[in-house]
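Colleague: Following this line is entry-v1.cif, made up of mmCIF, C-alpha atoms and all ligand atoms:
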data_coords
#
loop_
_atom_site.label_atom_id
_atom_site.label_comp_id
_atom_site.auth_asym_id
_atom_site.auth_seq_id
_atom_site.Cartn_x
_atom_site.Cartn_y
_atom_site.Cartn_z
CA MET R 1 -171.33 -64.84 -161.65
CA THR R 2 -173.66 -63.49 -164.30
CA ILE R 3 -176.66 -61.42 -163.47
CA ASN R 4 -179.80 -61.41 -165.55
CA PRO R 5 -181.57 -58.18 -164.66
CA TYR R 6 -184.86 -59.32 -166.17
CA ASN R 7 -185.08 -62.54 -164.22
CA PRO R 8 -188.84 -63.15 -163.75
CA LYS R 9 -188.17 -64.84 -160.43
CA SER R 10 -186.74 -61.63 -159.09
CA LEU R 11 -188.53 -59.89 -156.24
CA HIS R 12 -186.94 -56.55 -157.03
CA PRO R 13 -187.94 -54.69 -160.24
CA LEU R 14 -184.36 -54.75 -161.52
CA PHE R 15 -182.05 -56.99 -159.56
CA PRO R 16 -182.30 -60.71 -158.88
CA GLN R 17 -182.51 -61.70 -155.26
CA PHE R 18 -179.67 -63.47 -153.50
CA CYS R 19 -178.68 -64.22 -149.95
CA PRO R 20 -176.83 -61.22 -148.46
CA CYS R 21 -175.59 -62.99 -145.35
CA PRO R 22 -171.77 -63.51 -145.53
CA ASP R 23 -171.88 -66.53 -143.17
CA CYS R 24 -174.37 -68.41 -145.32
CA PRO R 25 -172.96 -71.09 -147.72
CA TYR R 26 -175.31 -69.67 -150.37
CA TYR R 27 -173.94 -66.14 -149.99
CA LEU R 28 -174.49 -64.20 -153.27
CA ASP R 29 -175.58 -67.42 -155.00
CA LEU R 30 -178.08 -66.57 -157.74
CA ASP R 31 -179.31 -70.15 -158.20
CA ASN R 32 -180.40 -70.22 -154.59
CA TYR R 33 -184.16 -70.01 -154.07
CA ILE R 34 -185.39 -66.87 -152.28
CA THR R 35 -189.06 -66.34 -151.47
CA LYS R 36 -191.14 -63.84 -149.53
CA ASP R 37 -191.73 -64.86 -145.96
CA GLY R 38 -194.17 -62.51 -144.30
CA THR R 39 -193.71 -59.01 -142.98
CA TYR R 40 -192.65 -57.59 -139.66
CA PRO R 41 -193.52 -54.36 -137.86
CA VAL R 42 -191.01 -51.65 -137.04
CA LYS R 43 -191.35 -49.09 -134.29
CA THR R 44 -190.68 -46.08 -136.47
CA GLU R 45 -193.43 -46.42 -139.06
CA ALA R 46 -196.82 -47.88 -139.84
CA GLN R 47 -195.70 -49.69 -142.99
CA ARG R 48 -194.39 -53.18 -142.32
CA ARG R 49 -191.13 -54.45 -143.82
CA GLN R 50 -190.80 -57.44 -146.08
CA ARG R 51 -189.05 -60.51 -144.77
CA LEU R 52 -187.39 -62.97 -147.16
CA TYR R 53 -186.42 -66.61 -146.79
CA CYS R 54 -183.20 -68.20 -148.03
CA HIS R 55 -184.05 -71.82 -148.92
CA GLY R 56 -180.44 -72.95 -149.29
CA GLY R 57 -179.24 -71.70 -145.93
CA LYS R 58 -182.69 -72.08 -144.29
CA HIS R 59 -182.81 -68.70 -142.61
CA ARG R 60 -184.76 -65.48 -142.87
CA PHE R 61 -183.55 -62.00 -143.53
CA SER R 62 -184.97 -58.52 -143.99
CA GLU R 63 -185.40 -56.74 -147.32
CA MET R 64 -183.24 -54.02 -145.79
CA ALA R 65 -180.35 -56.40 -145.23
CA TYR R 66 -178.60 -55.29 -148.43
CA SER R 67 -178.87 -51.69 -147.59
CA PRO R 68 -176.19 -49.55 -145.99
CA LEU R 69 -179.17 -48.12 -144.08
CA PHE R 70 -179.77 -51.44 -142.32
CA GLY R 71 -179.87 -50.85 -138.58
CA HIS R 72 -180.00 -47.07 -138.89
CA HIS R 73 -183.30 -46.85 -136.98
CA GLY R 74 -185.16 -44.65 -139.43
CA SER R 75 -188.35 -45.20 -141.35
CA PHE R 76 -188.63 -45.41 -145.12
CA SER R 77 -190.40 -42.09 -145.19
CA GLU R 78 -187.58 -40.48 -143.22
CA TYR R 79 -184.98 -41.95 -145.57
CA THR R 80 -186.98 -40.77 -148.57
CA GLN R 81 -187.36 -37.29 -147.14
CA THR R 82 -183.64 -37.14 -146.36
CA ALA R 83 -182.87 -38.16 -149.95
CA LYS R 84 -185.23 -35.58 -151.40
CA MET R 85 -184.11 -32.71 -149.19
CA SER R 86 -180.44 -33.59 -149.70
CA SER R 87 -180.94 -33.56 -153.45
CA TYR R 88 -182.15 -29.97 -153.20
CA GLY R 89 -178.91 -29.12 -151.42
CA LEU R 90 -180.29 -28.58 -147.92
CA SER R 91 -177.72 -28.89 -145.18
CA CYS R 92 -177.76 -31.67 -142.62
CA ASP R 93 -178.74 -29.20 -139.89
CA GLN R 94 -181.75 -28.06 -141.86
CA ILE R 95 -182.91 -31.59 -142.60
CA ALA R 96 -182.32 -32.54 -138.97
CA ASP R 97 -184.53 -29.65 -137.94
CA VAL R 98 -187.37 -30.72 -140.25
CA LEU R 99 -187.23 -34.38 -139.26
CA GLU R 100 -186.44 -33.64 -135.59
CA ARG R 101 -183.40 -35.85 -135.62
CA ASP R 102 -179.76 -35.42 -134.71
CA PRO R 103 -177.68 -33.78 -137.50
CA ARG R 104 -175.08 -36.56 -137.20
CA THR R 105 -177.77 -39.15 -137.89
CA ILE R 106 -178.82 -37.25 -141.00
CA LEU R 107 -175.20 -37.09 -142.15
CA GLN R 108 -174.92 -40.88 -141.85
CA TRP R 109 -178.17 -41.42 -143.75
CA GLN R 110 -177.11 -39.00 -146.47
CA GLN R 111 -173.82 -40.79 -146.91
CA ALA R 112 -175.48 -44.22 -146.96
CA LEU R 113 -178.05 -43.10 -149.52
CA GLY R 114 -175.40 -41.45 -151.68
CA GLN R 115 -173.22 -44.55 -151.62
CA LYS R 116 -176.17 -46.75 -152.51
CA SER R 117 -177.08 -44.43 -155.34
CA GLN R 118 -173.53 -44.65 -156.69
CA SER R 119 -173.29 -48.44 -156.52
CA PHE R 120 -176.80 -48.76 -157.97
CA HIS R 121 -175.91 -46.65 -161.00
CA LEU R 122 -172.54 -48.32 -161.57
CA ALA R 123 -173.98 -51.82 -161.17
CA LEU R 124 -176.85 -51.20 -163.56
CA CYS R 125 -174.74 -49.51 -166.23
CA THR R 126 -171.98 -52.10 -166.22
CA LEU R 127 -174.26 -55.14 -165.99
CA ILE R 128 -176.57 -54.12 -168.82
CA GLY R 129 -174.19 -51.92 -170.75
CA LEU R 130 -174.76 -48.50 -172.23
CA THR R 131 -175.28 -47.69 -175.88
CA LEU R 132 -173.85 -44.26 -176.39
CA THR R 133 -174.21 -42.45 -179.70
CA PHE R 134 -173.81 -38.79 -178.93
CA ILE R 135 -172.21 -37.47 -175.74
CA GLN R 136 -171.61 -33.95 -174.57
CA MET R 137 -169.26 -32.93 -171.79
CA ASP R 138 -169.16 -29.77 -169.78
CA GLU R 139 -168.26 -28.42 -166.36
CA ILE R 140 -170.36 -26.74 -163.72
CA TRP R 141 -168.73 -24.91 -160.85
CA SER R 142 -169.39 -23.51 -157.44
CA TYR R 143 -167.39 -22.43 -154.42
CA LEU R 144 -166.26 -24.82 -151.77
CA LYS R 145 -166.08 -23.47 -148.22
CA LYS R 146 -164.60 -20.11 -149.23
CA LYS R 147 -164.64 -17.80 -152.19
CA LYS R 148 -161.03 -18.45 -153.08
CA ARG R 149 -161.68 -22.10 -153.62
CA GLN R 150 -163.63 -23.31 -156.60
CA MET R 151 -164.97 -26.79 -157.13
CA TRP R 152 -165.80 -28.17 -160.52
CA PHE R 153 -168.14 -30.95 -161.55
CA PHE R 154 -167.22 -32.46 -164.90
CA ILE R 155 -170.35 -34.02 -166.38
CA THR R 156 -171.07 -36.38 -169.28
CA LEU R 157 -174.54 -36.39 -170.80
CA GLU R 158 -175.90 -38.66 -173.51
CA ALA R 159 -177.72 -36.12 -175.66
CA ARG R 160 -180.27 -38.34 -177.40
CA THR R 161 -181.59 -40.09 -174.31
CA LYS R 162 -180.75 -37.22 -171.91
CA PHE R 163 -179.05 -39.82 -169.74
CA TRP R 164 -176.62 -38.46 -167.15
CA VAL R 165 -173.77 -40.90 -167.63
CA ASN R 166 -171.30 -39.85 -164.96
CA PHE R 167 -169.57 -36.97 -163.26
CA GLU R 168 -166.35 -36.18 -161.44
CA LEU R 169 -165.64 -33.62 -158.78
CA GLY R 170 -162.29 -31.84 -158.81
CA SER R 171 -160.33 -28.87 -160.04
CA ARG R 172 -160.58 -27.61 -163.61
CA THR R 173 -157.57 -29.54 -164.82
CA GLY R 174 -156.58 -32.52 -166.89
CA HIS R 175 -156.69 -34.81 -163.84
CA THR R 176 -160.44 -34.45 -163.46
CA ALA R 177 -161.04 -34.82 -167.21
CA ASN R 178 -158.90 -37.98 -167.21
CA ARG R 179 -160.87 -39.48 -164.35
CA LEU R 180 -164.11 -38.67 -166.17
CA LEU R 181 -163.02 -40.42 -169.36
CA LYS R 182 -161.56 -43.37 -167.50
CA ARG R 183 -164.83 -43.91 -165.67
CA LEU R 184 -166.78 -43.52 -168.90
CA VAL R 185 -164.82 -46.26 -170.63
CA TYR R 186 -165.21 -48.47 -167.57
CA LEU R 187 -168.99 -48.01 -167.62
CA MET R 188 -169.21 -49.59 -171.07
CA PRO R 189 -167.87 -53.11 -170.65
CA PHE R 190 -169.25 -54.24 -174.00
CA GLY R 191 -167.58 -51.48 -175.93
CA PHE R 192 -169.00 -48.88 -178.22
CA ALA R 193 -171.14 -50.67 -180.78
CA ASP R 194 -171.00 -48.17 -183.59
CA PHE R 195 -169.79 -44.70 -183.83
CA LEU R 196 -169.57 -42.07 -181.15
CA LEU R 197 -170.11 -38.34 -181.56
CA ILE R 198 -168.55 -36.07 -178.96
CA THR R 199 -168.91 -32.33 -178.47
CA THR R 200 -167.36 -30.25 -175.71
CA ASP R 201 -166.32 -26.67 -175.14
CA LYS R 202 -162.78 -25.57 -175.88
CA LEU R 203 -161.12 -26.83 -172.68
CA ALA R 204 -157.89 -28.51 -173.76
CA ALA R 205 -158.07 -31.10 -170.99
CA TYR R 206 -160.88 -32.92 -172.82
CA GLU R 207 -158.89 -33.19 -176.00
CA ARG R 208 -155.97 -34.91 -174.27
CA ALA R 209 -158.19 -37.15 -172.14
CA ILE R 210 -160.30 -38.26 -175.10
CA ALA R 211 -157.23 -39.02 -177.20
CA LEU R 212 -155.77 -41.01 -174.30
CA TYR R 213 -158.75 -43.13 -173.26
CA LEU R 214 -160.77 -43.59 -176.45
CA GLN R 215 -157.97 -45.05 -178.56
CA LYS R 216 -159.92 -48.18 -179.46
CA VAL R 217 -163.14 -46.39 -180.24
CA ARG R 218 -164.35 -44.95 -183.53
CA TYR R 219 -165.39 -41.42 -182.77
CA ALA R 220 -165.68 -37.92 -184.14
CA TYR R 221 -164.97 -34.99 -181.89
CA LEU R 222 -166.08 -31.40 -182.35
CA GLN R 223 -165.17 -28.47 -180.13
CA ILE R 224 -167.56 -25.56 -179.84
CA VAL R 225 -165.55 -22.40 -179.25
CA LYS R 226 -167.58 -19.49 -177.95
CA GLN R 227 -166.11 -16.01 -177.87
CA ARG R 228 -167.42 -13.49 -175.40
CA LYS R 229 -166.83 -9.77 -175.12
CA LYS R 230 -167.91 -8.09 -171.89
CA LYS R 231 -169.81 -11.26 -171.01
CA ARG R 232 -171.86 -11.12 -174.18
CA LEU R 233 -171.62 -13.84 -176.76
CA VAL R 234 -169.96 -12.58 -179.92
CA THR R 235 -169.22 -15.57 -182.13
CA VAL R 236 -169.57 -19.34 -182.05
CA LYS R 237 -166.89 -21.20 -183.93
CA GLU R 238 -166.47 -24.89 -184.49
CA ARG R 239 -163.21 -26.75 -184.41
CA LEU R 240 -163.17 -30.27 -185.75
CA VAL R 241 -160.61 -32.28 -183.80
CA THR R 242 -161.24 -35.83 -185.03
CA GLY R 243 -163.47 -37.20 -187.77
CA LYS R 244 -165.14 -35.63 -190.79
CA GLU R 245 -167.48 -32.69 -191.05
CA SER R 246 -170.15 -35.00 -192.50
CA ASP R 247 -170.18 -37.16 -189.35
CA PHE R 248 -172.08 -34.47 -187.52
CA GLY R 249 -175.66 -34.30 -188.66
CA LYS R 250 -178.42 -31.87 -187.86
CA LYS R 251 -178.69 -30.61 -184.29
CA THR R 252 -175.33 -32.01 -183.26
CA HIS R 253 -173.16 -28.93 -183.78
CA ASN R 254 -173.67 -27.72 -180.26
CA THR R 255 -173.31 -28.32 -176.53
CA SER R 256 -176.87 -27.10 -175.87
CA TYR R 257 -178.18 -30.28 -174.29
CA ILE R 258 -175.65 -30.34 -171.51
CA GLU R 259 -175.92 -26.59 -171.00
CA ARG R 260 -179.65 -26.96 -170.57
CA PHE R 261 -179.00 -29.82 -168.18
CA ASN R 262 -176.59 -27.66 -166.17
CA LEU R 263 -179.37 -25.12 -165.83
CA THR R 264 -181.69 -27.81 -164.46
CA LEU R 265 -179.07 -28.70 -161.87
CA ARG R 266 -178.37 -25.10 -160.94
CA GLN R 267 -182.06 -24.42 -160.45
CA LYS R 268 -182.51 -27.46 -158.30
CA VAL R 269 -179.45 -27.77 -156.08
CA SER R 270 -179.20 -24.78 -153.77
CA PHE R 271 -175.41 -24.77 -153.44
CA LEU R 272 -175.05 -24.50 -157.21
CA ASN R 273 -177.17 -21.35 -157.35
CA ARG R 274 -175.16 -18.46 -158.73
CA LYS R 275 -174.30 -15.27 -156.91
CA THR R 276 -175.38 -16.37 -153.49
CA LEU R 277 -173.53 -16.96 -150.26
CA GLY R 278 -175.03 -20.40 -149.82
CA TYR R 279 -172.25 -22.47 -151.28
CA CYS R 280 -171.23 -25.88 -150.20
CA LYS R 281 -169.31 -26.36 -146.98
CA ASN R 282 -168.36 -29.99 -147.29
CA GLN R 283 -166.82 -31.70 -150.32
CA LYS R 284 -167.84 -35.25 -149.41
CA SER R 285 -171.38 -34.15 -148.80
CA ALA R 286 -171.46 -32.38 -152.18
CA GLN R 287 -170.50 -35.61 -153.86
CA TRP R 288 -173.25 -37.65 -152.18
CA VAL R 289 -175.77 -34.95 -153.03
CA MET R 290 -174.77 -35.20 -156.67
CA TRP R 291 -175.15 -38.98 -156.64
CA LEU R 292 -178.63 -38.60 -155.17
CA ASN R 293 -179.46 -36.15 -157.93
CA LEU R 294 -178.17 -38.59 -160.50
CA PHE R 295 -180.58 -41.27 -159.29
CA ASP R 296 -183.42 -38.79 -159.10
CA TYR R 297 -182.82 -37.43 -162.59
CA ASN R 298 -182.03 -40.67 -164.42
CA TYR R 299 -184.35 -43.16 -162.78
CA ARG R 300 -187.09 -41.35 -160.89
CA GLN R 301 -188.21 -38.32 -162.87
CA PHE R 302 -189.92 -38.35 -166.23
CA HIS R 303 -188.09 -36.12 -168.69
CA LYS R 304 -190.33 -33.67 -170.48
CA SER R 305 -188.56 -33.78 -173.81
CA LEU R 306 -188.66 -37.59 -173.89
CA ARG R 307 -192.44 -37.94 -173.85
CA GLN R 308 -194.20 -39.57 -176.74
CA ASP R 309 -197.34 -37.97 -178.13
CA LEU R 310 -200.12 -40.54 -178.36
CA THR R 311 -202.81 -38.37 -179.98
CA GLY R 312 -204.06 -39.81 -183.24
CA GLN R 313 -203.39 -43.34 -182.12
CA PRO R 314 -206.24 -45.83 -182.47
CA VAL R 315 -206.38 -46.74 -178.76
CA LYS R 316 -209.23 -44.95 -176.97
CA PHE R 317 -209.32 -43.74 -173.39
CA GLN R 318 -205.62 -43.35 -173.18
CA SER R 319 -203.63 -40.53 -171.68
CA ARG R 320 -202.26 -38.05 -174.14
CA TYR R 321 -198.58 -38.72 -173.55
CA ARG R 322 -196.42 -41.64 -172.72
CA HIS R 323 -193.66 -40.57 -170.38
CA PHE R 324 -190.11 -41.81 -170.13
CA THR R 325 -187.23 -41.41 -167.74
CA PRO R 326 -183.74 -41.13 -169.27
CA ALA R 327 -182.96 -44.63 -167.97
CA MET R 328 -186.04 -46.03 -169.74
CA LYS R 329 -184.88 -44.48 -173.02
CA MET R 330 -181.44 -45.92 -172.41
CA GLY R 331 -183.00 -49.37 -172.00
CA LEU R 332 -181.89 -49.87 -168.40
CA THR R 333 -185.31 -49.91 -166.74
CA SER R 334 -188.86 -50.53 -167.88
CA THR R 335 -190.62 -48.22 -165.43
CA ARG R 336 -189.74 -45.27 -163.27
CA LEU R 337 -188.27 -46.16 -159.91
CA GLU R 338 -188.95 -44.87 -156.44
CA TRP R 339 -186.56 -44.10 -153.60
CA ARG R 340 -187.72 -47.29 -151.91
CA ASP R 341 -186.46 -49.30 -154.91
CA LEU R 342 -183.06 -47.73 -154.42
CA ILE R 343 -182.95 -48.47 -150.69
CA VAL R 344 -183.90 -52.14 -150.99
CA ALA R 345 -182.07 -52.86 -154.27
CA PRO R 346 -180.08 -56.05 -153.79
CA ILE R 347 -176.66 -55.10 -155.05
CA ALA R 348 -173.80 -57.41 -154.26
CA PRO R 349 -170.80 -55.73 -152.68
CA ASN R 350 -168.84 -54.31 -155.62
CA ALA R 351 -171.27 -55.89 -158.09
CA HIS R 352 -169.99 -53.68 -160.89
CA GLU R 353 -166.49 -55.08 -160.50
CA PHE R 354 -167.57 -58.51 -161.73
CA VAL R 355 -167.56 -57.14 -165.23
CA THR R 356 -164.19 -55.98 -166.40
CA SER R 357 -163.45 -53.64 -169.22
CA THR R 358 -160.74 -55.80 -170.73
CA ASP R 359 -162.48 -56.28 -174.08
CA LEU R 360 -162.25 -52.61 -174.85
ZN ZN T 1 -178.61 -67.63 -146.88
#
What is this structure when it is put down as structure tokens?

Modeller:
Amino acid sequence: MTINPYNPKSLHPLFPQFCPCPDCPYYLDLDNYITKDGTYPVKTEAQRRQRLYCHGGKHRFSEMAYSPLFGHHGSFSEYTQTAKMSSYGLSCDQIADVLERDPRTILQWQQALGQKSQSFHLALCTLIGLTLTFIQMDEIWSYLKKKKRQMWFFITLEARTKFWVNFELGSRTGHTANRLLKRLVYLMPFGFADFLLITTDKLAAYERAIALYLQKVRYAYLQIVKQRKKKRLVTVKERLVTGKESDFGKKTHNTSYIERFNLTLRQKVSFLNRKTLGYCKNQKSAQWVMWLNLFDYNYRQFHKSLRQDLTGQPVKFQSRYRHFTPAMKMGLTSTRLEWRDLIVAPIAPNAHEFVTSTDL
């Protein structure tokens, strides 16, 4: 099964339509003909839902049929609000209070949205393939349940496109770094085209993980070692681990991009705020919240530093800037997406597993 994400026949902005019904003989068949077939009302909202028709199996199904939210009795606006509030780090009880729903319902929605966000990202990255040129890795931490227990998010950021590639939740050890690198390699089924620049801080776990998983990749790796005295920065030293000094050009001798990104996350997600009592109480929930943030940041929000200045161009009556999301810069999407696009995205069960990383 090969998927062409730019199929003009497709009813979804990114994914081609297929029949999601496991009993149908045309289940997941991309050559099958799917058309729109009217709309139907739902009790919970004014907006009607799209109905689709499977010509091979001669039956109709809902646009929500792919979604883990199918049959969850909420409206699109409720799902969207749950996604937004979750991404700010609000607890299920708080969201339940705002939406006047049961907290257990909200927990189910949050999990379904987080899972969809994860499979959406993995499917898109593995099906189209990422072109990475300069990645930075760092950790961000918070407490989990109690002050004695820390949780760490290991994060990979592509510095030129500001694309949030992946993250792993765990302790600050080699295990988490290994999982991060393993996932990273898996996300690039077509291999690294050219040459990869990597910068991290001085954590030794990265060095071992990179050496282990990037054996077949041409890369240069620079560690930025910062020395602090009484919490004030004293010196910044560089330690070249692999590659030549000349590999690193201007504006690459740093981990600034990911540190700025960590600030964005800390400002947004309430349980990552520093020096407060409001830390996360549930590890699973924290993970889904991060996946929702990943969708929001990569696919939904325009990134300020990615905008293109259009002044001085010959076209009249045009807005001053052209805006991009990180995913647009990465070449994965052509426009920004909405939460609705995530909810109705037709993603085959384990779609990302169709592409294996054997050629790497
Ligand atoms: Zn069918």

Colleague: Could you tell me how far CA of Arg307 in chain R sits from CA of Gln287 in chain R, in Å to one decimal place?

Modeller: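 Separation between CA of Gln287 in chain R and CA of Arg307 in chain R: 29.8 Å.
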
Colleague: What are the closest atom pairs, with distances in Å to one decimal, for each residue of chain R lying within 9 Å of ligand ZN 1 (chain T), using all atoms listed in the file, rows by chain and rising residue number, as a Markdown table?

Modeller:
| residue | atom | partner | partner_atom | distance |
| --- | --- | --- | --- | --- |
| R:Phe18 | CA | T:ZN1 | ZN | 7.9 |
| R:Cys19 | CA | T:ZN1 | ZN | 4.6 |
| R:Pro20 | CA | T:ZN1 | ZN | 6.8 |
| R:Cys21 | CA | T:ZN1 | ZN | 5.7 |
| R:Pro22 | CA | T:ZN1 | ZN | 8.1 |
| R:Asp23 | CA | T:ZN1 | ZN | 7.8 |
| R:Cys24 | CA | T:ZN1 | ZN | 4.6 |
| R:Pro25 | CA | T:ZN1 | ZN | 6.7 |
| R:Tyr26 | CA | T:ZN1 | ZN | 5.2 |
| R:Tyr27 | CA | T:ZN1 | ZN | 5.8 |
| R:Leu28 | CA | T:ZN1 | ZN | 8.3 |
| R:Asp29 | CA | T:ZN1 | ZN | 8.7 |
| R:Asn32 | CA | T:ZN1 | ZN | 8.3 |
| R:Ile34 | CA | T:ZN1 | ZN | 8.7 |
| R:Tyr53 | CA | T:ZN1 | ZN | 7.9 |
| R:Cys54 | CA | T:ZN1 | ZN | 4.8 |
| R:His55 | CA | T:ZN1 | ZN | 7.2 |
| R:Gly56 | CA | T:ZN1 | ZN | 6.1 |
| R:Gly57 | CA | T:ZN1 | ZN | 4.2 |
| R:Lys58 | CA | T:ZN1 | ZN | 6.6 |
| R:His59 | CA | T:ZN1 | ZN | 6.1 |
| R:Arg60 | CA | T:ZN1 | ZN | 7.7 |
| R:Phe61 | CA | T:ZN1 | ZN | 8.2 |

Colleague: Save out the residues we just selected, C-alpha atoms, as a PDB file, keeping the file's coordinate frame.

Modeller:
ATOM      1  CA  PHE R  18    -179.670 -63.470-153.500  1.00  0.00           C
ATOM      2  CA  CYS R  19    -178.680 -64.220-149.950  1.00  0.00           C
ATOM      3  CA  PRO R  20    -176.830 -61.220-148.460  1.00  0.00           C
ATOM      4  CA  CYS R  21    -175.590 -62.990-145.350  1.00  0.00           C
ATOM      5  CA  PRO R  22    -171.770 -63.510-145.530  1.00  0.00           C
ATOM      6  CA  ASP R  23    -171.880 -66.530-143.170  1.00  0.00           C
ATOM      7  CA  CYS R  24    -174.370 -68.410-145.320  1.00  0.00           C
ATOM      8  CA  PRO R  25    -172.960 -71.090-147.720  1.00  0.00           C
ATOM      9  CA  TYR R  26    -175.310 -69.670-150.370  1.00  0.00           C
ATOM     10  CA  TYR R  27    -173.940 -66.140-149.990  1.00  0.00           C
ATOM     11  CA  LEU R  28    -174.490 -64.200-153.270  1.00  0.00           C
ATOM     12  CA  ASP R  29    -175.580 -67.420-155.000  1.00  0.00           C
ATOM     13  CA  ASN R  32    -180.400 -70.220-154.590  1.00  0.00           C
ATOM     14  CA  ILE R  34    -185.390 -66.870-152.280  1.00  0.00           C
ATOM     15  CA  TYR R  53    -186.420 -66.610-146.790  1.00  0.00           C
ATOM     16  CA  CYS R  54    -183.200 -68.200-148.030  1.00  0.00           C
ATOM     17  CA  HIS R  55    -184.050 -71.820-148.920  1.00  0.00           C
ATOM     18  CA  GLY R  56    -180.440 -72.950-149.290  1.00  0.00           C
ATOM     19  CA  GLY R  57    -179.240 -71.700-145.930  1.00  0.00           C
ATOM     20  CA  LYS R  58    -182.690 -72.080-144.290  1.00  0.00           C
ATOM     21  CA  HIS R  59    -182.810 -68.700-142.610  1.00  0.00           C
ATOM     22  CA  ARG R  60    -184.760 -65.480-142.870  1.00  0.00           C
ATOM     23  CA  PHE R  61    -183.550 -62.000-143.530  1.00  0.00           C
TER      24      PHE R  61
END

Colleague: Would you please work out which residue, of R:Thr161, R:Tyr143, R:Leu69, R:Leu124, is nearest to Arg274 in chain R when using all atoms listed in the file?

Modeller: R:Tyr143

Colleague: Pick out the closest residue to His12 in chain R from this set: R:Glu45, R:Glu338, R:Asp309, R:Asp102. Count only C-alpha atoms.

Modeller: R:Glu338

Colleague: Using only C-alpha atoms, which of the listed residues (R:Tyr297, R:Tyr321, R:Tyr40, R:Tyr279) sits closest to Lys147 in chain R?

Modeller: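 Among R:Tyr297, R:Tyr321, R:Tyr40, R:Tyr279, it is R:Tyr279 that comes nearest to Lys147 in chain R.
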
Colleague: Can you list, as number ranges by chain, every protein, DNA or RNA residue that comes within 12 Å of Arg179 in chain R when you count only C-alpha atoms, leaving out same-chain residues fewer than 3 positions away?

Modeller: R: 153-156, 166-176, 182-186, 205-206, 208-210, 212-213

Colleague: Between R:Leu90, R:Leu52, R:Ile347, R:Val165, which residue has the minimum interatomic distance to Ser270 in chain R, considering only C-alpha atoms?

Modeller: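 Counting only C-alpha atoms, the residue closest to Ser270 in chain R is R:Leu90.
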
Colleague: When you count all atoms listed in the file, which of these residues is closest to Trp339 in chain R: R:Leu113, R:Cys125, R:Leu196, R:Ala46?

Modeller: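 Of the candidates, the smallest distance to Trp339 in chain R is held by R:Leu113.
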
Colleague: What is the CA of Leu157 in chain R-CA of Phe248 in chain R distance in Å, reported with one decimal?

Modeller: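 These atoms are spaced 17.0 Å apart.
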
Colleague: Give the answer as one residue: which of R:Cys280, R:Val225, R:Ala204, R:Leu187 has the shortest atom-to-atom distance to Lys146 in chain R, using all atoms listed in the file?

Modeller: R:Cys280

Colleague: What separation in Å, quoted to one decimal, exists between CA of Val236 in chain R and CA of Thr200 in chain R?

Modeller: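 Interatomic distance, CA of Val236 in chain R to CA of Thr200 in chain R: 12.8 Å.
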
Colleague: Sorted by chain and rising residue number, which residues of range 219-337 of chain R lie within 7 Å of range 126-141 of chain R, and what are their closest atom pairs and distances in Å to one decimal, counting all atoms listed in the file, as JSON lines?

Modeller:
{"residue": "R:Thr255", "atom": "CA", "partner": "R:Gln136", "partner_atom": "CA", "distance": 6.2}
{"residue": "R:Ile258", "atom": "CA", "partner": "R:Gln136", "partner_atom": "CA", "distance": 6.2}
{"residue": "R:Asn262", "atom": "CA", "partner": "R:Ile140", "partner_atom": "CA", "distance": 6.8}
{"residue": "R:Leu332", "atom": "CA", "partner": "R:Ile128", "partner_atom": "CA", "distance": 6.8}

Colleague: Keeping only C-alpha atoms, write the selected residues as a tab-separated table (two decimals), in the frame of the given file.

Modeller:
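Saved to again.tsv:
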chain	number	residue	atom	x	y	z
R	255	THR	CA	-173.31	-28.32	-176.53
R	258	ILE	CA	-175.65	-30.34	-171.51
R	262	ASN	CA	-176.59	-27.66	-166.17
R	332	LEU	CA	-181.89	-49.87	-168.40

Colleague: Could you name the residues that touch Lys116 in chain R at 12 Å or less, counting all atoms listed in the file, but leaving out those on the same chain fewer than 5 positions away, as a ChimeraX atom specification?

Modeller: /R:66-70,83,109-111,121-124,288-289,291-292,294-295,339-351

Colleague: Is there a way to get, as a count of residues only, all residues within 7 Å of the point (-164.6, -30.8, -181.0) in file coordinates, counting only C-alpha atoms?

Modeller: 10
